[in-house]
file entry_35.cif (mmCIF, C-alpha atoms)
data_my_file
loop_
_atom_site.label_atom_id
_atom_site.label_comp_id
_atom_site.auth_asym_id
_atom_site.auth_seq_id
_atom_site.Cartn_x
_atom_site.Cartn_y
_atom_site.Cartn_z
CA MET A 1 186.86 -145.15 4.83
CA ALA A 2 185.75 -143.53 8.11
CA LEU A 3 189.12 -141.76 8.44
CA PHE A 4 188.93 -140.52 4.85
CA LEU A 5 185.43 -139.12 5.30
CA GLY A 6 186.42 -137.43 8.53
CA THR A 7 189.48 -135.85 6.95
CA ALA A 8 187.49 -134.63 3.97
CA PHE A 9 184.88 -133.09 6.27
CA ILE A 10 187.54 -131.26 8.32
CA ALA A 11 189.16 -129.89 5.16
CA ARG A 12 185.77 -128.73 3.95
CA ARG A 13 185.08 -126.90 7.21
CA CYS A 14 188.51 -125.22 7.10
CA ARG A 15 187.87 -123.93 3.59
CA TRP A 16 184.46 -122.74 4.73
CA ARG A 17 185.95 -120.79 7.65
CA ARG A 18 188.56 -119.16 5.38
CA HIS A 19 185.88 -117.96 2.98
CA GLN A 20 183.72 -116.68 5.84
CA HIS A 21 186.64 -114.53 6.98
CA ARG A 22 187.13 -113.39 3.39
CA PHE A 23 183.63 -111.89 3.28
CA CYS A 24 183.94 -110.15 6.63
CA ASN A 25 186.19 -107.60 4.93
CA VAL A 26 183.92 -106.66 2.01
CA GLY A 27 183.15 -102.94 1.81
CA ALA A 28 185.03 -99.94 3.09
CA ALA A 29 182.89 -99.58 6.20
CA ALA A 30 182.49 -103.28 6.98
CA PRO A 31 183.96 -104.56 10.27
CA ASN A 32 187.03 -106.81 10.26
CA LYS A 33 185.15 -109.52 12.13
CA PRO A 34 181.49 -110.47 12.57
CA PRO A 35 179.64 -109.19 15.66
CA ASP A 36 179.09 -111.48 18.63
CA SER A 37 175.42 -111.82 17.72
CA LEU A 38 176.39 -113.76 14.57
CA LYS A 39 179.08 -116.01 16.02
CA GLU A 40 176.72 -118.87 16.85
CA ALA A 41 175.33 -118.99 13.30
CA LEU A 42 178.81 -118.77 11.77
CA SER A 43 179.96 -121.69 13.91
CA LEU A 44 177.39 -124.07 12.40
CA ALA A 45 178.63 -126.83 10.11
CA PRO A 46 176.95 -127.18 6.68
CA ASP A 47 174.93 -130.23 7.72
CA GLN A 48 173.68 -128.37 10.81
CA VAL A 49 172.54 -125.47 8.64
CA GLU A 50 170.52 -127.84 6.47
CA THR A 51 169.02 -129.66 9.46
CA LEU A 52 167.94 -126.45 11.23
CA ARG A 53 166.30 -125.14 8.07
CA SER A 54 164.45 -128.41 7.52
CA ASN A 55 163.23 -128.45 11.13
CA TYR A 56 162.21 -124.82 11.56
CA MET A 57 161.56 -123.22 8.17
CA SER A 58 158.45 -123.97 6.14
CA SER A 59 158.92 -126.44 3.31
CA SER A 60 156.97 -124.03 1.09
CA CYS A 61 160.12 -121.86 1.07
CA SER A 62 161.82 -123.80 -1.71
CA ILE A 63 165.56 -124.37 -2.00
CA SER A 64 167.17 -123.93 -5.40
CA TYR A 65 168.95 -127.01 -6.77
CA LYS A 66 167.63 -129.15 -3.91
CA ASN A 67 167.82 -132.22 -6.17
CA THR A 68 171.62 -131.96 -6.09
CA GLY A 69 171.92 -131.21 -2.38
CA GLY A 70 171.19 -127.50 -2.37
CA LEU A 71 173.71 -124.68 -2.42
CA GLN A 72 174.94 -123.20 0.83
CA ILE A 73 175.92 -119.69 -0.19
CA ILE A 74 177.98 -117.71 2.34
CA GLY A 75 179.08 -114.73 0.27
CA GLY A 76 178.94 -112.83 -2.96
CA GLN A 77 181.14 -110.49 -4.93
CA GLY A 78 179.93 -108.57 -7.94
CA ALA A 79 177.87 -110.90 -10.14
CA ARG A 80 179.03 -114.08 -8.43
CA LEU A 81 177.89 -116.19 -5.49
CA ILE A 82 180.35 -118.23 -3.39
CA ASP A 83 179.44 -121.41 -1.55
CA VAL A 84 180.91 -123.01 1.57
CA ASP A 85 183.60 -124.76 -0.48
CA GLY A 86 184.72 -121.58 -2.25
CA ASN A 87 183.06 -122.48 -5.56
CA GLU A 88 181.87 -119.45 -7.51
CA TYR A 89 178.60 -119.28 -9.45
CA LEU A 90 177.40 -116.67 -11.89
CA ASP A 91 174.33 -115.18 -10.22
CA THR A 92 171.55 -115.17 -12.82
CA ARG A 93 168.61 -115.70 -10.44
CA ASN A 94 168.99 -113.36 -7.49
CA ASN A 95 166.29 -110.69 -7.70
CA VAL A 96 167.55 -108.48 -4.87
CA ALA A 97 171.16 -107.44 -5.52
CA HIS A 98 170.60 -105.39 -8.66
CA CYS A 99 173.90 -103.57 -8.20
CA GLY A 100 175.91 -106.71 -7.47
CA HIS A 101 177.01 -108.25 -4.20
CA GLY A 102 179.24 -106.32 -1.82
CA HIS A 103 179.31 -103.12 -3.88
CA PRO A 104 181.68 -100.98 -1.77
CA GLU A 105 179.80 -97.70 -2.18
CA ILE A 106 176.47 -99.32 -1.28
CA VAL A 107 177.97 -101.20 1.68
CA GLU A 108 179.48 -97.97 2.98
CA ALA A 109 176.26 -95.96 2.54
CA VAL A 110 174.02 -98.63 4.10
CA THR A 111 176.40 -99.17 7.02
CA TYR A 112 176.50 -95.45 7.73
CA GLN A 113 172.72 -95.03 7.51
CA MET A 114 171.99 -98.05 9.72
CA LYS A 115 174.18 -96.50 12.41
CA VAL A 116 172.24 -93.23 12.20
CA LEU A 117 168.59 -94.11 11.48
CA ASN A 118 166.36 -96.84 10.08
CA THR A 119 162.71 -95.84 9.78
CA ASN A 120 159.87 -95.51 7.26
CA SER A 121 158.70 -92.76 4.94
CA ARG A 122 156.23 -91.21 7.40
CA TYR A 123 158.90 -88.74 8.44
CA LEU A 124 160.76 -86.13 6.45
CA HIS A 125 164.33 -87.05 5.54
CA PRO A 126 166.73 -85.42 3.06
CA ASN A 127 167.87 -88.75 1.58
CA ALA A 128 164.34 -89.85 0.70
CA SER A 129 163.35 -86.47 -0.74
CA LEU A 130 166.46 -86.15 -2.89
CA LEU A 131 166.29 -89.76 -4.09
CA SER A 132 162.66 -89.32 -5.16
CA LYS A 133 163.70 -86.33 -7.28
CA LYS A 134 166.60 -88.23 -8.89
CA LEU A 135 164.34 -91.17 -9.71
CA ALA A 136 161.60 -88.95 -11.13
CA ASN A 137 164.15 -87.29 -13.40
CA LEU A 138 164.79 -90.68 -15.01
CA PHE A 139 161.16 -91.14 -16.07
CA PRO A 140 160.25 -90.57 -19.75
CA CYS A 141 158.25 -87.46 -20.59
CA SER A 142 154.80 -87.83 -22.12
CA SER A 143 154.27 -86.46 -25.61
CA ARG A 144 150.97 -85.06 -24.33
CA GLY A 145 152.68 -82.73 -21.88
CA ALA A 146 153.82 -82.53 -18.27
CA ASN A 147 150.39 -83.32 -16.83
CA ASP A 148 150.54 -86.83 -18.34
CA SER A 149 154.19 -87.49 -17.42
CA LEU A 150 155.31 -89.71 -14.55
CA THR A 151 156.46 -87.47 -11.70
CA LYS A 152 155.80 -89.37 -8.45
CA VAL A 153 157.54 -92.28 -6.76
CA PHE A 154 156.70 -94.83 -4.04
CA PHE A 155 159.37 -96.54 -1.95
CA VAL A 156 158.57 -100.22 -1.37
CA ASN A 157 160.41 -103.25 0.00
CA SER A 158 159.96 -105.85 -2.72
CA GLY A 159 158.77 -106.60 -6.22
CA SER A 160 155.62 -108.19 -4.80
CA GLU A 161 154.80 -104.99 -2.93
CA ALA A 162 155.54 -102.87 -6.01
CA ASN A 163 153.25 -104.95 -8.24
CA ASP A 164 150.53 -105.05 -5.59
CA LEU A 165 150.69 -101.26 -5.36
CA ALA A 166 150.60 -100.94 -9.16
CA LEU A 167 147.35 -102.91 -9.21
CA ARG A 168 145.88 -100.68 -6.50
CA LEU A 169 146.89 -97.54 -8.39
CA ALA A 170 145.36 -98.84 -11.63
CA ARG A 171 142.09 -99.69 -9.90
CA ALA A 172 141.99 -96.34 -8.10
CA TYR A 173 142.58 -94.49 -11.37
CA ASN A 174 139.92 -96.46 -13.23
CA THR A 175 137.41 -95.91 -10.42
CA LYS A 176 138.04 -92.18 -10.58
CA GLN A 177 137.61 -92.21 -14.36
CA GLN A 178 134.35 -94.10 -14.02
CA ASN A 179 133.05 -91.64 -11.43
CA ASP A 180 134.05 -88.67 -13.57
CA LEU A 181 132.21 -90.12 -16.56
CA HIS A 182 129.28 -91.38 -14.48
CA ILE A 183 129.79 -94.86 -15.90
CA GLN A 184 128.88 -96.60 -12.66
CA LYS A 185 125.42 -95.06 -12.76
CA LEU A 186 124.79 -96.76 -16.07
CA LYS A 187 126.27 -100.21 -15.49
CA GLN A 188 128.81 -102.07 -13.40
CA HIS A 189 132.24 -101.64 -14.97
CA ARG A 190 134.01 -104.94 -15.65
CA LYS A 191 137.65 -104.89 -14.56
CA CYS A 192 140.20 -106.72 -16.68
CA ILE A 193 143.93 -107.25 -16.24
CA ILE A 194 146.07 -108.53 -19.11
CA THR A 195 149.16 -110.58 -18.24
CA ILE A 196 151.61 -112.90 -19.98
CA ASP A 197 151.12 -116.65 -19.65
CA HIS A 198 153.51 -118.31 -17.14
CA ALA A 199 154.28 -114.88 -15.63
CA TYR A 200 154.98 -114.50 -11.91
CA HIS A 201 154.33 -111.15 -10.24
CA GLY A 202 154.68 -111.84 -6.52
CA HIS A 203 153.32 -113.64 -3.47
CA THR A 204 150.61 -111.28 -2.21
CA LEU A 205 147.00 -112.31 -2.82
CA ALA A 206 146.54 -109.62 -5.47
CA THR A 207 149.71 -110.52 -7.39
CA LEU A 208 148.99 -114.26 -7.19
CA ASP A 209 145.74 -113.60 -9.04
CA VAL A 210 147.71 -112.20 -11.99
CA SER A 211 150.45 -114.86 -11.92
CA PRO A 212 149.58 -117.69 -14.35
CA TYR A 213 152.75 -119.44 -13.20
CA LYS A 214 150.95 -120.19 -9.94
CA HIS A 215 147.68 -121.04 -11.69
CA HIS A 216 149.41 -123.77 -13.67
CA GLN A 217 150.88 -125.25 -10.48
CA GLY A 218 147.40 -125.54 -8.99
CA THR A 219 148.65 -125.57 -5.40
CA GLU A 220 147.34 -122.19 -4.19
CA ILE A 221 145.05 -121.05 -7.00
CA SER A 222 143.42 -123.76 -9.09
CA GLU A 223 142.46 -121.55 -12.02
CA CYS A 224 142.91 -118.08 -13.42
CA PRO A 225 140.35 -115.55 -12.12
CA ASP A 226 137.79 -114.37 -14.67
CA TYR A 227 139.10 -110.80 -14.73
CA VAL A 228 142.67 -111.88 -15.66
CA LYS A 229 143.32 -112.40 -19.36
#

call {"tool": "encode", "arguments": {"input": "entry_35.cif", "output": "structure tokens"}}
result
Amino acid sequence: MALFLGTAFIARRCRWRRHQHRFCNVGAAAPNKPPDSLKEALSLAPDQVETLRSNYMSSSCSISYKNTGGLQIIGGQGARLIDVDGNEYLDTRNNVAHCGHGHPEIVEAVTYQMKVLNTNSRYLHPNASLLSKKLANLFPCSSRGANDSLTKVFFVNSGSEANDLALRLARAYNTKQQNDLHIQKLKQHRKCIITIDHAYHGHTLATLDVSPYKHHQGTEISECPDYVK
């Protein structure tokens, strides 16, 4: 039995290494082998990966399918994820790779840009300016004219940040409207946000307030705030 288990483990590691090499060649601009800085991580066996995560990452960062051992995903192609054994899974949960995994044009563009510059939007850059125009051109036009149409964009890093910013924009707009109409001089305006039950909008404090999914769990927020309906 010990020999069988050892043999099975070796075969598993060999398959894992083959698939790691397979994903080193994704994308036109991707290198043929991983950089030296990643060699230590790539040398870890699956059980070591799980142990290190358990020891050094917070348990609040949940693992999908933990009840069946958890999936160790080492690569992705298109709409599929690939685990250490080469099994492929249709990716229906990943909320980052909207254009699929390993899209060659995206890999090439990101690789090129990372070699040239990686900074924020405080500086002028032709890519950011042109992209904002292309995105704005996709917005629907208001039937009430150009002044009511969506024409501006914000670049953010996550859905949580986008929703948090949306709440800030809504509050800023309502405050301006109140000031213009002198409503605040008459009475304190009562803010109200309408959301769908069981919805989840992010992990910032503002988005947690409007996420009934978290309210029902009762671990971080015991009940829905009064201004959320």

call {"tool": "residues_near_point", "arguments": {"input": "entry_35.cif", "point": "(159.0, -100.2, -1.8)", "cutoff": "12 Å", "atoms": "all atoms listed in the file", "output": "ChimeraX atom specification"}}
result
/A:120-121,128,132,153-166

call {"tool": "atom_distance", "arguments": {"input": "entry_35.cif", "atom1": "CA of Ile193 in chain A", "atom2": "CA of Arg171 in chain A"}}
result
10.0 Å

call {"tool": "axis_aligned_box", "arguments": {"input": "entry_35.cif", "around": "range 70-89 of chain A", "padding_each_side": "6 Å", "output": "JSON"}}
result
{"center_x": 178.0, "center_y": -118.0, "center_z": -3.9, "size_x": 25.5, "size_y": 30.9, "size_z": 24.5}

call {"tool": "residues_around", "arguments": {"input": "entry_35.cif", "residues": "range 99-102 of chain A", "least_positions_apart": "5", "cutoff": "6 Å", "atoms": "only C-alpha atoms", "output": "list in words"}}
result
Gly76, Gln77, Gly78 and Ala79 of chain A

call {"tool": "closest_residue", "arguments": {"input": "entry_35.cif", "among": "A:His198, A:Gln72, A:Ile82, A:Tyr65", "to": "Arg53 in chain A", "atoms": "all atoms listed in the file"}}
result
A:Gln72
